[in-house]
$ cat my_file06.txt   # compact mmCIF, C-alpha atoms
# COMPACT_ATOMS: atom_id res chain seq x y z
CA MET A 1 13.62 -28.89 1.40
CA SER A 2 10.61 -26.94 0.09
CA ALA A 3 11.10 -23.23 -0.27
CA ILE A 4 7.35 -22.62 -0.59
CA VAL A 5 4.31 -24.75 0.15
CA ALA A 6 1.06 -22.87 -0.43
CA HIS A 7 -2.26 -24.60 0.15
CA GLU A 8 -5.57 -23.09 -1.01
CA ILE A 9 -4.38 -19.51 -0.79
CA THR A 10 -7.39 -17.24 -1.18
CA GLN A 11 -7.43 -13.47 -1.18
CA ARG A 12 -10.64 -11.48 -1.17
CA PHE A 13 -11.05 -7.71 -1.37
CA GLY A 14 -14.65 -7.21 -0.27
CA SER A 15 -16.74 -9.29 -2.65
CA ASP A 16 -13.92 -9.53 -5.22
CA VAL A 17 -11.90 -12.72 -5.22
CA ALA A 18 -8.35 -11.88 -6.30
CA LEU A 19 -6.97 -15.36 -5.63
CA ASP A 20 -9.13 -18.45 -5.42
CA ALA A 21 -7.67 -21.45 -3.59
CA VAL A 22 -4.29 -21.43 -5.31
CA ASP A 23 -1.90 -24.27 -4.47
CA LEU A 24 1.75 -24.28 -5.36
CA ALA A 25 5.03 -25.70 -4.22
CA LEU A 26 8.56 -24.69 -4.94
CA ASP A 27 11.71 -26.59 -4.03
CA GLU A 28 14.75 -24.76 -2.79
CA GLY A 29 16.82 -23.40 -5.67
CA GLU A 30 13.98 -23.72 -8.19
CA HIS A 31 12.76 -20.87 -10.38
CA LEU A 32 9.02 -20.56 -11.00
CA ALA A 33 7.41 -18.12 -13.44
CA VAL A 34 3.87 -16.89 -12.76
CA LEU A 35 2.14 -15.97 -16.00
CA GLY A 36 -1.22 -14.40 -16.64
CA ASP A 37 -3.06 -11.41 -18.06
CA ASN A 38 -3.51 -8.13 -16.23
CA GLY A 39 -5.76 -8.64 -13.22
CA ALA A 40 -5.12 -12.38 -13.12
CA GLY A 41 -3.86 -12.20 -9.55
CA LYS A 42 -0.09 -12.36 -10.13
CA THR A 43 0.76 -9.34 -8.01
CA THR A 44 -1.61 -10.42 -5.25
CA LEU A 45 0.02 -13.86 -5.15
CA LEU A 46 3.51 -12.40 -5.13
CA ARG A 47 2.67 -9.89 -2.37
CA ILE A 48 1.46 -12.79 -0.24
CA LEU A 49 4.60 -14.80 -0.98
CA ALA A 50 6.73 -11.77 -0.06
CA THR A 51 4.77 -11.44 3.24
CA ALA A 52 3.61 -7.96 2.16
CA ALA A 53 -0.02 -9.10 2.41
CA ARG A 54 -1.84 -11.73 4.43
CA PRO A 55 -4.11 -14.17 2.61
CA THR A 56 -7.78 -14.19 3.57
CA SER A 57 -7.53 -17.97 3.99
CA GLY A 58 -5.21 -20.86 3.22
CA GLN A 59 -1.86 -21.97 4.51
CA LEU A 60 1.53 -20.75 3.38
CA ALA A 61 4.84 -22.10 4.60
CA ILE A 62 8.15 -20.61 3.45
CA PHE A 63 11.30 -22.54 4.36
CA GLY A 64 9.14 -24.50 6.78
CA LEU A 65 7.92 -21.42 8.68
CA ASP A 66 4.33 -20.16 8.78
CA ALA A 67 4.42 -17.11 6.51
CA VAL A 68 1.77 -15.24 8.48
CA ARG A 69 2.77 -15.93 12.08
CA GLU A 70 6.52 -15.91 11.52
CA ARG A 71 6.73 -13.36 8.74
CA LYS A 72 9.15 -11.18 10.70
CA ALA A 73 11.71 -13.97 10.86
CA LEU A 74 11.13 -14.81 7.19
CA ARG A 75 11.74 -11.30 5.95
CA ALA A 76 15.48 -11.70 6.40
CA GLN A 77 15.31 -14.56 3.90
CA ILE A 78 13.10 -12.95 1.26
CA GLY A 79 13.98 -10.31 -1.32
CA TYR A 80 11.07 -8.60 -3.06
CA VAL A 81 10.98 -6.43 -6.16
CA ALA A 82 7.56 -4.80 -6.41
CA HIS A 83 5.92 -3.02 -9.34
CA ALA A 84 7.12 0.39 -8.14
CA PRO A 85 10.83 0.68 -7.31
CA GLY A 86 10.06 2.34 -3.95
CA LEU A 87 13.27 4.36 -3.78
CA TYR A 88 14.11 7.62 -2.03
CA PRO A 89 14.61 10.13 -4.86
CA ALA A 90 16.72 12.60 -2.85
CA LEU A 91 19.17 9.93 -1.72
CA SER A 92 21.88 8.64 -4.03
CA ALA A 93 21.82 5.07 -5.33
CA ALA A 94 24.47 4.09 -2.76
CA GLU A 95 22.66 5.91 0.08
CA ASN A 96 19.43 4.10 -0.77
CA LEU A 97 21.22 0.77 -0.37
CA GLU A 98 23.13 1.90 2.73
CA PHE A 99 19.82 2.82 4.35
CA PHE A 100 18.47 -0.67 3.67
CA CYS A 101 21.71 -2.17 5.02
CA SER A 102 20.83 -0.47 8.32
CA LEU A 103 17.32 -1.94 8.28
CA HIS A 104 18.58 -5.43 7.39
CA ASP A 105 21.51 -5.15 9.82
CA VAL A 106 23.88 -5.95 6.98
CA ASP A 107 27.44 -4.63 6.60
CA ARG A 108 27.60 -1.58 4.33
CA LYS A 109 30.44 -3.26 2.46
CA ARG A 110 27.66 -5.11 0.63
CA VAL A 111 26.62 -1.88 -1.13
CA PRO A 112 29.45 -1.68 -3.74
CA GLU A 113 28.97 -5.40 -4.45
CA ALA A 114 25.22 -4.97 -4.97
CA LEU A 115 25.74 -1.90 -7.17
CA ALA A 116 28.31 -3.77 -9.26
CA LEU A 117 25.97 -6.75 -9.57
CA VAL A 118 23.22 -4.59 -11.10
CA GLY A 119 25.64 -2.48 -13.16
CA LEU A 120 25.18 0.79 -11.31
CA SER A 121 28.69 1.38 -9.92
CA ASP A 122 29.17 4.39 -12.23
CA VAL A 123 26.05 6.16 -10.94
CA ALA A 124 26.43 5.23 -7.26
CA ARG A 125 26.47 8.89 -6.15
CA ARG A 126 23.64 10.05 -8.42
CA PRO A 127 20.29 10.77 -6.68
CA ALA A 128 17.81 7.96 -7.31
CA GLY A 129 15.30 10.52 -8.61
CA ARG A 130 17.70 11.37 -11.43
CA LEU A 131 18.26 7.78 -12.53
CA SER A 132 16.44 6.51 -15.60
CA ARG A 133 13.46 4.19 -15.01
CA GLY A 134 15.58 1.20 -16.01
CA GLU A 135 18.37 2.22 -13.61
CA GLN A 136 15.82 2.64 -10.84
CA GLN A 137 14.58 -0.87 -11.54
CA ARG A 138 18.17 -2.16 -11.37
CA LEU A 139 18.61 -0.37 -8.06
CA ALA A 140 15.42 -1.98 -6.72
CA ILE A 141 16.79 -5.37 -7.78
CA GLY A 142 20.10 -4.56 -6.07
CA ARG A 143 18.21 -3.68 -2.90
CA ALA A 144 16.30 -6.97 -3.04
CA VAL A 145 19.53 -9.02 -2.99
CA LEU A 146 21.43 -6.78 -0.54
CA HIS A 147 20.83 -9.12 2.39
CA SER A 148 21.54 -12.31 0.40
CA PRO A 149 17.98 -13.69 0.56
CA ARG A 150 17.29 -17.37 -0.08
CA LEU A 151 13.99 -16.57 -1.84
CA LEU A 152 13.51 -13.86 -4.44
CA VAL A 153 10.01 -12.68 -5.31
CA LEU A 154 10.11 -10.60 -8.50
CA ASP A 155 7.04 -8.81 -9.82
CA GLU A 156 7.65 -8.05 -13.48
CA PRO A 157 11.32 -7.26 -12.86
CA ASP A 158 11.98 -7.03 -16.61
CA ALA A 159 9.82 -3.89 -16.87
CA SER A 160 12.00 -1.00 -18.06
CA LEU A 161 15.16 -3.09 -18.21
CA ASP A 162 17.24 -2.83 -21.37
CA SER A 163 18.48 -5.72 -23.53
CA ASP A 164 20.92 -6.81 -20.80
CA GLY A 165 17.99 -7.27 -18.44
CA PRO A 166 17.61 -11.05 -18.79
CA ASP A 167 21.35 -11.56 -18.13
CA LEU A 168 21.13 -9.34 -15.06
CA LEU A 169 18.12 -11.27 -13.80
CA ALA A 170 19.85 -14.60 -14.46
CA SER A 171 22.85 -13.50 -12.39
CA VAL A 172 20.79 -12.32 -9.39
CA MET A 173 18.57 -15.43 -9.51
CA ARG A 174 21.48 -17.87 -9.53
CA GLY A 175 21.57 -20.08 -6.43
CA ARG A 176 18.25 -18.80 -5.07
CA SER A 177 14.66 -19.94 -5.05
CA VAL A 178 12.72 -17.54 -7.25
CA VAL A 179 9.10 -16.74 -8.02
CA LEU A 180 8.90 -14.36 -10.96
CA ALA A 181 5.77 -12.79 -12.43
CA THR A 182 5.99 -11.73 -16.04
CA HIS A 183 4.01 -11.30 -19.25
CA ASP A 184 7.03 -12.36 -21.25
CA HIS A 185 6.78 -16.09 -21.96
CA ALA A 186 10.20 -16.15 -23.64
CA LEU A 187 11.79 -14.67 -20.51
CA ALA A 188 9.92 -17.16 -18.34
CA ASN A 189 11.19 -20.04 -20.44
CA ARG A 190 14.73 -18.74 -20.36
CA LEU A 191 14.96 -18.03 -16.62
CA CYS A 192 12.59 -20.50 -15.00
CA GLN A 193 12.34 -24.27 -14.84
CA ARG A 194 8.58 -24.19 -14.27
CA THR A 195 5.61 -21.96 -14.97
CA VAL A 196 2.14 -21.54 -13.56
CA MET A 197 -0.68 -19.72 -15.34
CA LEU A 198 -3.21 -17.63 -13.44
CA ARG A 199 -6.55 -16.41 -14.76
CA ASN A 200 -9.11 -14.54 -12.67
CA GLY A 201 -7.31 -15.57 -9.51
CA ARG A 202 -7.33 -19.27 -10.34
CA SER A 203 -4.43 -21.46 -11.25
CA LEU A 204 -5.11 -22.81 -14.74
CA GLY A 205 -2.39 -25.35 -14.59
CA ALA A 206 1.25 -25.45 -15.01
CA GLY A 207 4.20 -25.97 -17.25
CA THR A 208 5.55 -29.44 -17.58
CA ARG A 209 7.38 -29.61 -14.30
CA LEU A 210 5.03 -27.71 -11.99
CA ARG A 211 4.23 -29.70 -8.90
CA VAL A 212 0.68 -28.91 -7.85
CA VAL A 213 0.14 -29.95 -4.27
CA ARG A 214 -3.51 -30.79 -4.41
CA MET B 1 17.24 -2.44 22.02
CA THR B 2 20.50 -1.25 20.40
CA ARG B 3 19.22 -2.61 17.10
CA SER B 4 15.96 -0.66 17.43
CA ILE B 5 17.86 2.54 18.21
CA ALA B 6 20.08 1.98 15.15
CA VAL B 7 16.98 1.49 12.95
CA ALA B 8 15.21 4.56 14.38
CA TYR B 9 18.38 6.62 13.86
CA ALA B 10 18.74 5.40 10.25
CA VAL B 11 15.09 6.21 9.45
CA ALA B 12 15.25 9.66 11.07
CA ARG B 13 18.57 10.43 9.34
CA LYS B 14 17.15 9.35 5.99
CA ASP B 15 14.07 11.60 6.39
CA LEU B 16 16.12 14.60 7.53
CA THR B 17 18.65 14.14 4.72
CA SER B 18 15.82 13.98 2.18
CA GLU B 19 14.27 17.15 3.63
CA TRP B 20 17.62 18.94 3.73
CA ARG B 21 18.21 18.19 0.04
CA THR B 22 14.71 18.90 -1.24
CA ARG B 23 13.73 21.65 1.24
CA GLU B 24 10.15 20.63 0.57
CA LEU B 25 8.54 21.08 3.97
CA VAL B 26 10.38 23.34 6.43
CA PRO B 27 10.50 26.52 4.29
CA ALA B 28 6.79 26.15 3.52
CA LEU B 29 5.95 25.56 7.18
CA GLY B 30 8.10 28.53 8.22
CA GLN B 31 6.23 30.75 5.79
CA PHE B 32 2.92 29.35 6.96
CA VAL B 33 3.52 30.13 10.65
CA VAL B 34 4.78 33.64 9.88
CA LEU B 35 1.70 34.29 7.73
CA ALA B 36 -0.53 32.93 10.49
CA LEU B 37 1.08 35.36 12.95
CA VAL B 38 0.69 38.29 10.53
CA ILE B 39 -3.00 37.47 10.02
CA ALA B 40 -3.55 37.13 13.78
CA ASN B 41 -1.72 40.39 14.32
CA PHE B 42 -4.11 42.18 11.99
CA GLY B 43 -7.17 40.18 13.06
CA PHE B 44 -6.87 40.93 16.76
CA GLN B 45 -6.44 44.35 18.26
CA ILE B 46 -3.18 43.49 20.00
CA ASP B 47 -1.87 45.82 22.66
CA SER B 48 0.39 45.46 25.64
CA GLN B 49 -2.60 44.59 27.85
CA ASN B 50 -3.99 41.63 25.92
CA ALA B 51 -0.92 40.31 24.07
CA THR B 52 -0.05 37.68 26.69
CA VAL B 53 -3.68 36.47 26.68
CA ILE B 54 -4.06 36.20 22.90
CA ALA B 55 -0.51 35.10 21.94
CA PRO B 56 -0.64 31.60 23.52
CA GLY B 57 -3.81 30.78 21.56
CA VAL B 58 -2.30 32.01 18.32
CA LEU B 59 0.89 30.05 19.01
CA TRP B 60 -0.95 26.77 19.54
CA LEU B 61 -3.23 27.30 16.53
CA ALA B 62 -0.22 27.89 14.26
CA LEU B 63 1.64 24.98 15.81
CA VAL B 64 -1.27 22.55 15.52
CA PHE B 65 -1.82 23.24 11.83
CA ALA B 66 1.89 23.21 11.04
CA GLY B 67 2.11 19.90 12.93
CA LEU B 68 -0.72 18.38 10.93
CA VAL B 69 1.13 19.18 7.70
CA ALA B 70 4.52 17.97 9.03
CA PHE B 71 3.21 14.69 10.43
CA GLY B 72 0.90 14.07 7.48
CA ARG B 73 3.82 14.39 5.04
CA ALA B 74 5.92 11.95 7.10
CA PHE B 75 3.97 8.97 5.84
CA ALA B 76 2.24 10.39 2.76
CA ALA B 77 5.62 10.80 1.03
CA GLU B 78 6.51 7.17 1.80
CA ARG B 79 3.22 5.99 0.35
CA GLU B 80 3.61 8.12 -2.78
CA GLN B 81 7.12 6.75 -3.37
CA ALA B 82 5.92 3.21 -2.53
CA SER B 83 8.92 3.01 -0.21
CA LEU B 84 7.09 2.28 3.05
CA GLU B 85 6.41 -1.30 2.01
CA ALA B 86 10.08 -1.84 1.13
CA MET B 87 11.02 -0.59 4.59
CA LEU B 88 8.45 -2.76 6.35
CA LEU B 89 9.55 -5.87 4.44
CA THR B 90 12.85 -5.85 6.32
CA PRO B 91 13.42 -7.51 9.69
CA ALA B 92 13.50 -4.05 11.34
CA SER B 93 10.79 -3.62 13.96
CA ALA B 94 7.78 -1.52 13.00
CA ALA B 95 8.04 0.33 16.31
CA ALA B 96 11.63 1.38 15.54
CA ILE B 97 10.68 2.51 12.04
CA PHE B 98 7.76 4.46 13.52
CA ALA B 99 10.02 6.02 16.16
CA GLY B 100 12.46 7.15 13.46
CA LYS B 101 9.66 8.72 11.42
CA ALA B 102 8.23 10.45 14.51
CA ILE B 103 11.64 11.79 15.59
CA ALA B 104 12.31 13.23 12.13
CA ALA B 105 8.84 14.80 11.91
CA ALA B 106 9.25 16.24 15.43
CA LEU B 107 12.63 17.74 14.50
CA LEU B 108 11.11 19.33 11.39
CA LEU B 109 8.36 20.83 13.54
CA ILE B 110 10.99 22.07 15.99
CA ALA B 111 12.74 23.79 13.07
CA CYS B 112 9.41 25.45 12.35
CA GLU B 113 9.08 26.41 16.04
CA ALA B 114 12.50 28.06 15.80
CA VAL B 115 10.85 30.50 13.40
CA LEU B 116 7.50 30.68 15.17
CA LEU B 117 8.60 31.54 18.72
CA PRO B 118 10.91 34.49 17.94
CA ALA B 119 8.41 35.77 15.36
CA LEU B 120 5.64 35.60 17.97
CA ALA B 121 7.75 37.58 20.46
CA LEU B 122 8.57 40.12 17.76
CA MET B 123 5.04 40.65 16.49
CA PHE B 124 3.12 40.37 19.75
CA GLY B 125 5.76 41.84 22.05
CA THR B 126 5.50 38.83 24.35
CA PRO B 127 8.40 37.45 26.41
CA PHE B 128 10.70 34.94 24.71
CA ASN B 129 12.31 32.85 27.42
CA ALA B 130 13.54 29.37 28.27
CA GLU B 131 10.26 28.37 29.98
CA LEU B 132 8.31 29.15 26.80
CA VAL B 133 10.70 27.15 24.62
CA ALA B 134 10.74 24.22 27.08
CA ALA B 135 6.94 24.02 27.25
CA VAL B 136 6.59 23.99 23.46
CA LEU B 137 9.38 21.41 23.00
CA ILE B 138 7.92 19.08 25.64
CA ALA B 139 4.48 19.27 24.03
CA THR B 140 6.03 18.57 20.61
CA VAL B 141 7.20 15.11 21.75
CA GLY B 142 3.74 13.75 22.53
CA MET B 143 2.10 15.58 19.63
CA ALA B 144 4.63 14.04 17.25
CA ALA B 145 3.98 10.54 18.58
CA LEU B 146 0.20 10.87 18.16
CA GLY B 147 0.37 12.81 14.90
CA CYS B 148 2.66 10.25 13.28
CA LEU B 149 0.54 7.32 14.42
CA PHE B 150 -2.59 8.75 12.85
CA ALA B 151 -0.64 9.87 9.78
CA ALA B 152 0.52 6.26 9.33
CA MET B 153 -3.04 5.05 9.81
CA VAL B 154 -4.63 7.34 7.22
CA ALA B 155 -1.76 7.42 4.70
CA ARG B 156 -3.30 4.59 2.70
CA VAL B 157 -6.77 6.17 2.36
CA ARG B 158 -7.71 8.73 -0.25
CA SER B 159 -9.34 11.24 2.11
CA ARG B 160 -6.33 11.37 4.42
CA GLU B 161 -6.18 15.19 4.40
CA VAL B 162 -9.64 15.27 5.98
CA LEU B 163 -9.24 12.27 8.26
CA LEU B 164 -5.91 13.25 9.81
CA PRO B 165 -7.19 16.41 11.56
CA LEU B 166 -10.43 14.67 12.56
CA LEU B 167 -8.52 11.88 14.31
CA THR B 168 -5.59 13.87 15.64
CA LEU B 169 -7.04 17.14 16.91
CA PRO B 170 -9.26 15.65 19.65
CA LEU B 171 -6.28 13.76 21.10
CA TRP B 172 -4.05 16.83 20.91
CA ILE B 173 -6.44 18.79 23.15
CA PRO B 174 -4.65 17.71 26.39
CA PHE B 175 -1.38 19.10 24.98
CA ILE B 176 -3.07 22.33 23.93
CA VAL B 177 -4.71 22.74 27.37
CA ALA B 178 -1.61 21.96 29.45
CA GLY B 179 0.76 23.57 26.93
CA GLY B 180 -1.44 26.64 26.71
CA GLN B 181 -1.36 27.01 30.48
CA ALA B 182 2.44 26.57 30.60
CA VAL B 183 2.93 29.13 27.82
CA GLN B 184 0.60 31.64 29.50
CA VAL B 185 2.56 31.34 32.75
CA ALA B 186 5.85 31.60 30.85
CA MET B 187 4.53 34.84 29.34
CA GLY B 188 3.76 36.28 32.75
CA ALA B 189 0.24 35.12 33.64
CA SER B 190 -0.41 33.69 37.09
CA GLY B 191 -0.51 29.92 37.64
CA SER B 192 1.77 26.96 38.20
CA TYR B 193 4.25 26.43 35.37
CA ASN B 194 5.70 23.32 36.98
CA GLN B 195 2.28 21.69 37.31
CA ALA B 196 1.43 22.34 33.65
CA VAL B 197 4.80 21.05 32.46
CA ALA B 198 4.54 17.96 34.69
CA LEU B 199 1.17 17.26 33.07
CA LEU B 200 2.72 17.65 29.62
CA ILE B 201 5.48 15.19 30.55
CA ASP B 202 2.85 12.70 31.80
CA PHE B 203 0.99 13.00 28.49
CA ASP B 204 4.27 12.57 26.59
CA ILE B 205 5.10 9.33 28.44
CA LEU B 206 1.56 7.99 28.06
CA PHE B 207 1.25 8.68 24.35
CA VAL B 208 4.81 7.72 23.42
CA VAL B 209 4.31 4.30 25.08
CA LEU B 210 0.82 3.80 23.60
CA THR B 211 1.80 4.82 20.07
CA SER B 212 4.92 2.63 20.15
CA LEU B 213 2.73 -0.35 21.05
CA ALA B 214 0.10 0.55 18.44
CA ALA B 215 2.65 1.25 15.67
CA ARG B 216 3.19 -2.45 15.06
CA PHE B 217 -0.49 -3.01 14.31
CA VAL B 218 -0.84 0.14 12.22
CA LEU B 219 2.25 -0.35 10.08
CA ASP B 220 2.77 -4.07 9.86
CA ASP B 221 -0.36 -5.23 8.07
$ encode --input "my_file06.txt" --output "structure tokens"
Amino acid sequence: MSAIVAHEITQRFGSDVALDAVDLALDEGEHLAVLGDNGAGKTTLLRILATAARPTSGQLAIFGLDAVRERKALRAQIGYVAHAPGLYPALSAAENLEFFCSLHDVDRKRVPEALALVGLSDVARRPAGRLSRGEQQRLAIGRAVLHSPRLLVLDEPDASLDSDGPDLLASVMRGRSVVLATHDHALANRLCQRTVMLRNGRSLGAGTRLRVVR
Amino acid sequence: MTRSIAVAYAVARKDLTSEWRTRELVPALGQFVVLALVIANFGFQIDSQNATVIAPGVLWLALVFAGLVAFGRAFAAEREQASLEAMLLTPASAAAIFAGKAIAAALLLIACEAVLLPALALMFGTPFNAELVAAVLIATVGMAALGCLFAAMVARVRSREVLLPLLTLPLWIPFIVAGGQAVQVAMGASGSYNQAVALLIDFDILFVVLTSLAARFVLDD
């Protein structure tokens, strides 16, 4: 089954074209890296895949559901790590995750598991605002997998992570479909089976195994 | 329904816990309303004859501006922390998230009213009674619903500090008119308290329903 089928996804902001008719497909369980320079359209593409933004035109199906019309249903199946960690600084690491358990309607027993997965068990009671940038990023990754999503959308998740970062990412990506944006080609090669390169909102082509729909 | 209540409760609890730990808003709002009363006390020649005429106007002015700050912060903080998107990318309904934010902001404004109303009675020598408190609390419900909706709407624009009052104040006028009348009567002026409060409750129901319906379109874009 396809995790993602995107057909001619276009995103315009006024007269600026951030994404220009991008096609891509991802099978369930596959890991795809999106590469490109700053401003290439990686974040725009990932926000659309995470249902955080609606494309100006084009069709996007995730797990067979229309990602615009049925985005509410899809959100239980998608985990998204954005550029900014988006945490509540006054709440502890555990409280941040417990709050998102309430929103996802997930048992709070998942919180210690998620904290252990991202290596934050020792700082579970520390306010998120007092965590280092790398720990905040780990917490954001922990939040993204809290509800056991089938699809992970990771926007430069390696930013601020220490040398254990790739191992952490490998463990959270295991068994899931993943779209990962990064500048780090070595990381993309290590974690992903396929890559796609974006420049000025256009897909320039793909790594050896990318399946372009068109 | 139970799920929506659980989400609204979680969001409100999270906002109130954050405020309790940071004490960012309520102390500042408390100081603001006391200062507003002090300035009004010096600005107007208050005596026992005119206190009940002037005090309701001063109360609503202080409350309106404190409300604008409280409701504006409700969503501005989420935008600054980039946490609103994370919340909206869950299966929780936008209306429940909005309700939680509005409840928390309303409770923070009520904390501010707990300073404002006794201080008003102390400085202006006006009555402090259950009717006065009830009128202000009832008005706070509808004002919170409208204030939070517009705060959510403008949170993503740069000139939100200017836009929020421009959008919110005209729609708060019914609360100020009916609430002003109820407060005047509660302070001893002639008129129908019940009629004014019934009008406030009507406005509350109308705006709570309308903002709950609109929240989905404002938040979930």
$ closest_residue --input "my_file06.txt" --among "A:Ser132, A:Asn38, A:Ser102, A:Gln11" --to "chain B" --atoms "only C-alpha atoms"
A:Ser102
$ residues_around --input "my_file06.txt" --residues "Gln181 (chain B)" --least-positions-apart "2" --cutoff "9 Å" --atoms "all atoms listed in the file" --output "NGL selection string"
:B and (56 or 176-179 or 183-186 or 189 or 191-193 or 196-197)
$ atom_distance --input "my_file06.txt" --atom1 "CA of Asn200 (chain A)" --atom2 "CA of Asp20 (chain A)"
8.2 Å
$ interface_residues --input "my_file06.txt" --of "chain B" --to "chain A" --cutoff "12 Å" --atoms "all atoms listed in the file" --output "ChimeraX atom specification"
/B:2-24,77-94,96-97,100,216,219-221
$ atom_distance --input "my_file06.txt" --atom1 "CA of Leu171 (chain B)" --atom2 "CA of Ala130 (chain B)"
26.2 Å
$ atom_distance --input "my_file06.txt" --atom1 "CA of Ile39 (chain B)" --atom2 "CA of Ala51 (chain B)"
14.5 Å
$ residues_around --input "my_file06.txt" --residues "Trp172 (chain B)" --least-positions-apart "5" --cutoff "12 Å" --atoms "all atoms listed in the file" --output "PyMOL selection string"
chain B and resi 60-61+63-65+67-68+139-147+150+164-167+177-180+200+203-204+207
$ build_atoms --input "my_file06.txt" --residues "region 22-37 of chain A" --atoms "N, CA and C atoms" --output "short mmCIF file (atom, residue, chain, number, x, y, z; two decimals), keeping the file's coordinate frame"
data_model
loop_
_atom_site.label_atom_id
_atom_site.label_comp_id
_atom_site.auth_asym_id
_atom_site.auth_seq_id
_atom_site.Cartn_x
_atom_site.Cartn_y
_atom_site.Cartn_z
N VAL A 22 -5.47 -21.09 -4.51
CA VAL A 22 -4.29 -21.43 -5.31
C VAL A 22 -3.33 -22.30 -4.49
N ASP A 23 -2.90 -23.38 -5.08
CA ASP A 23 -1.90 -24.27 -4.47
C ASP A 23 -0.62 -24.17 -5.28
N LEU A 24 0.49 -24.12 -4.62
CA LEU A 24 1.75 -24.28 -5.36
C LEU A 24 2.85 -24.69 -4.41
N ALA A 25 3.86 -25.29 -5.00
CA ALA A 25 5.03 -25.70 -4.22
C ALA A 25 6.28 -25.40 -5.02
N LEU A 26 7.30 -25.02 -4.30
CA LEU A 26 8.56 -24.69 -4.94
C LEU A 26 9.69 -25.27 -4.11
N ASP A 27 10.55 -26.04 -4.75
CA ASP A 27 11.71 -26.59 -4.03
C ASP A 27 12.80 -25.54 -3.93
N GLU A 28 13.68 -25.73 -2.97
CA GLU A 28 14.75 -24.76 -2.79
C GLU A 28 15.65 -24.75 -4.03
N GLY A 29 15.97 -23.56 -4.49
CA GLY A 29 16.82 -23.40 -5.67
C GLY A 29 16.07 -23.41 -6.98
N GLU A 30 14.76 -23.69 -6.95
CA GLU A 30 13.98 -23.72 -8.19
C GLU A 30 13.51 -22.32 -8.57
N HIS A 31 13.26 -22.14 -9.87
CA HIS A 31 12.76 -20.87 -10.38
C HIS A 31 11.39 -21.11 -11.00
N LEU A 32 10.40 -20.38 -10.51
CA LEU A 32 9.02 -20.56 -11.00
C LEU A 32 8.53 -19.24 -11.60
N ALA A 33 7.99 -19.31 -12.81
CA ALA A 33 7.41 -18.12 -13.44
C ALA A 33 5.89 -18.15 -13.26
N VAL A 34 5.32 -17.02 -12.86
CA VAL A 34 3.87 -16.89 -12.76
C VAL A 34 3.41 -16.04 -13.93
N LEU A 35 2.61 -16.65 -14.79
CA LEU A 35 2.14 -15.97 -16.00
C LEU A 35 0.66 -15.66 -15.87
N GLY A 36 0.20 -14.72 -16.65
CA GLY A 36 -1.22 -14.40 -16.64
C GLY A 36 -1.45 -12.99 -17.15
N ASP A 37 -2.72 -12.74 -17.55
CA ASP A 37 -3.06 -11.41 -18.06
C ASP A 37 -3.12 -10.42 -16.91
#
